[in-house]
>>> print(open('input.cif').read())   # mmCIF, C-alpha atoms
data_run
#
loop_
_atom_site.label_atom_id
_atom_site.label_comp_id
_atom_site.auth_asym_id
_atom_site.auth_seq_id
_atom_site.Cartn_x
_atom_site.Cartn_y
_atom_site.Cartn_z
CA MET A 1 36.98 -57.64 40.14
CA LYS A 2 38.04 -54.73 38.00
CA ALA A 3 35.91 -51.67 38.01
CA GLN A 4 34.87 -50.64 34.56
CA ALA A 5 34.63 -46.99 33.79
CA ARG A 6 31.35 -45.96 32.30
CA SER A 7 31.88 -44.25 29.04
CA GLN A 8 29.89 -41.19 28.30
CA LYS A 9 27.98 -41.24 25.06
CA THR A 10 29.59 -38.62 22.87
CA VAL A 11 27.19 -36.14 21.38
CA GLN A 12 27.92 -35.22 17.81
CA PRO A 13 27.55 -31.54 16.98
CA GLN A 14 24.55 -30.67 14.82
CA THR A 15 25.21 -29.17 11.43
CA GLN A 16 23.11 -27.94 8.53
CA PHE A 17 25.33 -29.76 6.06
CA VAL A 18 24.84 -33.33 4.95
CA VAL A 19 27.01 -35.52 2.82
CA ILE A 20 25.28 -36.62 -0.36
CA ASN A 21 26.53 -39.06 -2.93
CA GLU A 22 27.60 -38.17 -6.44
CA GLN A 23 24.33 -39.47 -7.93
CA GLN A 24 22.29 -37.13 -5.71
CA VAL A 25 24.51 -34.20 -6.69
CA LEU A 26 23.70 -34.90 -10.36
CA ILE A 27 19.98 -35.24 -9.59
CA ASN A 28 20.02 -31.96 -7.64
CA LYS A 29 21.63 -30.23 -10.62
CA GLU A 30 18.73 -31.46 -12.77
CA VAL A 31 16.23 -30.14 -10.20
CA HIS A 32 17.98 -26.73 -10.21
CA LYS A 33 17.89 -26.69 -14.01
CA ALA A 34 14.16 -27.58 -13.98
CA TYR A 35 13.52 -24.81 -11.41
CA ASN A 36 15.08 -22.23 -13.73
CA LEU A 37 13.04 -23.50 -16.69
CA ILE A 38 9.85 -23.43 -14.59
CA VAL A 39 10.57 -19.82 -13.60
CA ASP A 40 11.11 -19.00 -17.29
CA ALA A 41 7.72 -20.59 -18.07
CA ALA A 42 6.10 -18.49 -15.32
CA LEU A 43 7.63 -15.30 -16.71
CA GLU A 44 6.34 -16.16 -20.17
CA GLN A 45 2.81 -16.51 -18.76
CA LEU A 46 3.06 -13.09 -17.07
CA ARG A 47 3.83 -11.39 -20.39
CA LYS A 48 0.19 -11.81 -21.47
CA PHE A 49 -1.11 -9.14 -19.09
CA ASP A 50 -1.66 -5.46 -19.82
CA LEU A 51 -1.31 -4.28 -16.21
CA ALA A 52 2.22 -4.09 -14.83
CA LYS A 53 1.04 -5.33 -11.43
CA TYR A 54 0.39 -8.76 -12.98
CA ARG A 55 3.74 -8.74 -14.79
CA THR A 56 5.78 -7.80 -11.71
CA TYR A 57 7.77 -10.42 -9.84
CA ALA A 58 10.32 -10.70 -7.06
CA THR A 59 13.32 -13.01 -7.01
CA VAL A 60 14.86 -13.99 -3.69
CA ASP A 61 18.37 -15.44 -3.56
CA HIS A 62 18.26 -17.14 -0.17
CA LEU A 63 21.95 -18.07 -0.40
CA LYS A 64 22.75 -14.36 0.07
CA ASN A 65 20.29 -13.98 2.96
CA GLU A 66 21.91 -13.68 6.38
CA TYR A 67 19.13 -15.83 7.86
CA LYS A 68 20.28 -19.18 6.49
CA SER A 69 17.57 -21.69 5.75
CA ASN A 70 17.05 -24.69 3.54
CA MET A 71 15.70 -22.44 0.79
CA ILE A 72 17.93 -21.67 -2.18
CA SER A 73 15.91 -19.45 -4.49
CA GLU A 74 12.39 -18.14 -4.77
CA HIS A 75 10.29 -16.54 -7.50
CA LEU A 76 7.14 -14.69 -6.40
CA ASN A 77 4.47 -13.12 -8.55
CA TYR A 78 0.76 -12.33 -8.26
CA PHE A 79 -0.16 -15.86 -9.32
CA TRP A 80 2.46 -18.23 -7.94
CA ASN A 81 5.30 -18.64 -5.50
CA ILE A 82 7.99 -20.99 -6.86
CA THR A 83 10.64 -22.11 -4.38
CA LEU A 84 13.79 -24.17 -4.77
CA SER A 85 14.95 -25.70 -1.50
CA ASN A 86 16.91 -28.59 -0.03
CA SER A 87 15.56 -31.13 2.43
CA LYS A 88 17.43 -32.22 5.53
CA ASP A 89 18.74 -35.23 3.63
CA GLY A 90 20.23 -33.05 0.87
CA ARG A 91 17.64 -33.62 -1.87
CA SER A 92 16.47 -30.58 -3.83
CA PHE A 93 12.75 -29.83 -4.24
CA ILE A 94 10.64 -27.35 -6.20
CA PHE A 95 7.52 -26.07 -4.45
CA ILE A 96 4.82 -24.22 -6.35
CA ASP A 97 2.30 -22.42 -4.18
CA LEU A 98 -0.93 -21.40 -5.86
CA GLY A 99 -3.04 -18.56 -4.48
CA SER A 100 -6.84 -18.69 -4.60
CA GLU A 101 -7.41 -15.01 -5.50
CA ALA A 102 -5.69 -15.33 -8.89
CA LEU A 103 -7.60 -18.52 -9.65
CA GLU A 104 -10.91 -16.89 -8.71
CA ARG A 105 -10.17 -13.70 -10.64
CA PHE A 106 -8.68 -15.19 -13.83
CA GLY A 107 -9.92 -18.78 -13.82
CA SER A 108 -7.78 -21.87 -13.95
CA GLY A 109 -6.61 -21.69 -17.58
CA LEU A 110 -3.40 -19.74 -16.91
CA THR A 111 -2.45 -21.91 -13.96
CA ASN A 112 -3.26 -25.12 -15.86
CA ILE A 113 -0.94 -24.12 -18.73
CA PHE A 114 1.80 -23.25 -16.26
CA LEU A 115 1.44 -26.47 -14.25
CA ARG A 116 1.45 -28.62 -17.39
CA LYS A 117 4.79 -27.07 -18.29
CA ALA A 118 6.15 -27.63 -14.77
CA TYR A 119 5.14 -31.29 -14.84
CA GLU A 120 6.59 -31.69 -18.33
CA LEU A 121 9.93 -30.25 -17.19
CA THR A 122 10.20 -32.66 -14.24
CA GLN A 123 8.81 -35.73 -16.00
CA SER A 124 11.02 -38.74 -16.59
CA HIS A 125 11.17 -39.59 -20.28
CA ASP A 126 13.23 -42.77 -19.95
CA ASN A 127 11.31 -44.68 -17.25
CA THR A 128 13.91 -43.83 -14.61
CA THR A 129 13.12 -42.22 -11.29
CA GLY A 130 14.35 -38.88 -12.59
CA ILE A 131 13.22 -35.76 -10.75
CA GLU A 132 9.47 -36.31 -10.72
CA TYR A 133 9.63 -36.58 -6.91
CA ALA A 134 10.96 -33.03 -6.69
CA LEU A 135 7.86 -31.12 -7.81
CA ARG A 136 5.40 -30.29 -5.04
CA ILE A 137 2.22 -28.27 -5.58
CA ASN A 138 0.55 -26.46 -2.65
CA PHE A 139 -2.62 -24.41 -2.46
CA ARG A 140 -2.48 -21.29 -0.27
CA GLU A 141 -5.27 -19.05 0.84
CA ALA A 142 -5.42 -15.77 -1.06
CA ASP A 143 -4.35 -13.55 1.83
CA GLN A 144 -1.35 -15.69 2.69
CA HIS A 145 0.05 -15.80 -0.85
CA HIS A 146 -0.66 -12.19 -1.81
CA ASN A 147 0.40 -10.67 1.48
CA PHE A 148 3.78 -12.36 1.15
CA PHE A 149 4.18 -11.20 -2.47
CA TYR A 150 3.05 -7.62 -1.79
CA ARG A 151 5.25 -7.39 1.32
CA ARG A 152 8.33 -8.41 -0.72
CA VAL A 153 7.52 -5.80 -3.36
CA ALA A 154 6.75 -3.08 -0.80
CA GLU A 155 9.95 -3.75 1.15
CA GLY A 156 11.86 -3.24 -2.09
CA GLU A 157 15.14 -4.58 -3.28
CA ASN A 158 18.07 -5.44 -1.04
CA ASN A 159 21.17 -7.60 -1.29
CA TYR A 160 19.11 -10.78 -1.80
CA VAL A 161 15.76 -9.59 -3.23
CA SER A 162 15.33 -8.16 -6.71
CA ILE A 163 12.10 -6.88 -8.26
CA ALA A 164 11.34 -6.62 -11.95
CA THR A 165 8.51 -6.43 -14.47
CA VAL A 166 8.46 -8.47 -17.66
CA ASP A 167 7.64 -6.75 -20.93
CA LYS A 168 4.14 -7.23 -22.28
CA LEU A 169 3.82 -9.72 -25.09
CA GLU A 170 3.14 -7.85 -28.31
CA SER A 171 0.04 -9.07 -30.16
#
>>> encode(input="input.cif", output="structure tokens")
Amino acid sequence: MKAQARSQKTVQPQTQFVVINEQQVLINKEVHKAYNLIVDAALEQLRKFDLAKYRTYATVDHLKNEYKSNMISEHLNYFWNITLSNSKDGRSFIFIDLGSEALERFGSGLTNIFLRKAYELTQSHDNTTGIEYALRINFREADQHHNFFYRRVAEGENNYVSIATVDKLES
């Protein structure tokens, strides 16, 4: 009887990269485009305010951040945190975090207008799957949302964070 050698199960190295098909690449490009249009819609909403603190925002380019994560880009302002990220399977997502303080202070009208635009930008108009899956809305407690926004502004700009204030909309 021949002795059979037991083969060791080879362990594949873990990597943060996944292979995605060409169709998913095209869908991700649409999600990235929608993210940019949603950020533009957010900036337009900020222009309504007299106080600069409500018109100030931070942009985080996570691709330049030395602490690599699944996040790609982030827009933070007093009202919302809008994040573009990739899942472990390579699909892109847009997360919009709403803070309660802004809703309590200004009511839901501003946020409703903004969310309608976000849903419109990700909606499928031809009965295909499209990118509707990619938009995720989260509600954050006031302290959590604002502390993160204020910390980014207080820490100031660096090689991956920029801070700006939109011009006020002229009446």
>>> residues_around(input="input.cif", residues="region 57-63 of chain A", least_positions_apart="6", cutoff="6 Å", atoms="all atoms listed in the file", output="number ranges by chain")
A: 71-77, 160-164
>>> residues_around(input="input.cif", residues="region 103-116 of chain A", least_positions_apart="3", cutoff="12 Å", atoms="all atoms listed in the file", output="JSON, numbers by chain")
{"A": [37, 38, 39, 40, 41, 42, 43, 44, 45, 46, 47, 48, 49, 54, 78, 79, 80, 81, 82, 95, 96, 97, 98, 99, 100, 119, 120, 121, 122, 123, 135, 136, 137, 138, 139, 140, 141, 142, 145]}
>>> write_last_selection(input="input.cif", atoms="C-alpha atoms", output="compact mmCIF listing (two decimals), in the coordinates of the input")
# COMPACT_ATOMS: atom_id res chain seq x y z
CA LEU A 37 13.04 -23.50 -16.69
CA ILE A 38 9.85 -23.43 -14.59
CA VAL A 39 10.57 -19.82 -13.60
CA ASP A 40 11.11 -19.00 -17.29
CA ALA A 41 7.72 -20.59 -18.07
CA ALA A 42 6.10 -18.49 -15.32
CA LEU A 43 7.63 -15.30 -16.71
CA GLU A 44 6.34 -16.16 -20.17
CA GLN A 45 2.81 -16.51 -18.76
CA LEU A 46 3.06 -13.09 -17.07
CA ARG A 47 3.83 -11.39 -20.39
CA LYS A 48 0.19 -11.81 -21.47
CA PHE A 49 -1.11 -9.14 -19.09
CA TYR A 54 0.39 -8.76 -12.98
CA TYR A 78 0.76 -12.33 -8.26
CA PHE A 79 -0.16 -15.86 -9.32
CA TRP A 80 2.46 -18.23 -7.94
CA ASN A 81 5.30 -18.64 -5.50
CA ILE A 82 7.99 -20.99 -6.86
CA PHE A 95 7.52 -26.07 -4.45
CA ILE A 96 4.82 -24.22 -6.35
CA ASP A 97 2.30 -22.42 -4.18
CA LEU A 98 -0.93 -21.40 -5.86
CA GLY A 99 -3.04 -18.56 -4.48
CA SER A 100 -6.84 -18.69 -4.60
CA TYR A 119 5.14 -31.29 -14.84
CA GLU A 120 6.59 -31.69 -18.33
CA LEU A 121 9.93 -30.25 -17.19
CA THR A 122 10.20 -32.66 -14.24
CA GLN A 123 8.81 -35.73 -16.00
CA LEU A 135 7.86 -31.12 -7.81
CA ARG A 136 5.40 -30.29 -5.04
CA ILE A 137 2.22 -28.27 -5.58
CA ASN A 138 0.55 -26.46 -2.65
CA PHE A 139 -2.62 -24.41 -2.46
CA ARG A 140 -2.48 -21.29 -0.27
CA GLU A 141 -5.27 -19.05 0.84
CA ALA A 142 -5.42 -15.77 -1.06
CA HIS A 145 0.05 -15.80 -0.85
>>> atom_distance(input="input.cif", atom1="CA of His146 (chain A)", atom2="CA of Asn158 (chain A)")
19.9 Å
>>> residues_around(input="input.cif", residues="region 20-32 of chain A", least_positions_apart="3", cutoff="7 Å", atoms="only C-alpha atoms", output="short mmCIF file (atom, residue, chain, number, x, y, z; two decimals) with C-alpha atoms, in the frame of the given file")
data_model
loop_
_atom_site.label_atom_id
_atom_site.label_comp_id
_atom_site.auth_asym_id
_atom_site.auth_seq_id
_atom_site.Cartn_x
_atom_site.Cartn_y
_atom_site.Cartn_z
CA TYR A 35 13.52 -24.81 -11.41
CA ASN A 36 15.08 -22.23 -13.73
CA GLY A 90 20.23 -33.05 0.87
CA ARG A 91 17.64 -33.62 -1.87
CA SER A 92 16.47 -30.58 -3.83
CA PHE A 93 12.75 -29.83 -4.24
CA ILE A 131 13.22 -35.76 -10.75
CA ALA A 134 10.96 -33.03 -6.69
#
>>> atom_distance(input="input.cif", atom1="CA of Tyr133 (chain A)", atom2="CA of Ala34 (chain A)")
12.3 Å
>>> atom_distance(input="input.cif", atom1="CA of Glu170 (chain A)", atom2="CA of Ala102 (chain A)")
22.6 Å
>>> resolve_selection(input="input.cif", expression="the PyMOL selection byres ((chain A and resi 167) around 8)", output="PyMOL selection string")
chain A and resi 47+55+165-166+168-169
>>> axis_aligned_box(input="input.cif", around="region 101-120 of chain A", padding_each_side="4 Å", output="lines of an AutoDock Vina configuration file")
center_x = -2.2
center_y = -22.7
center_z = -12.1
size_x = 25.5
size_y = 26.0
size_z = 21.2
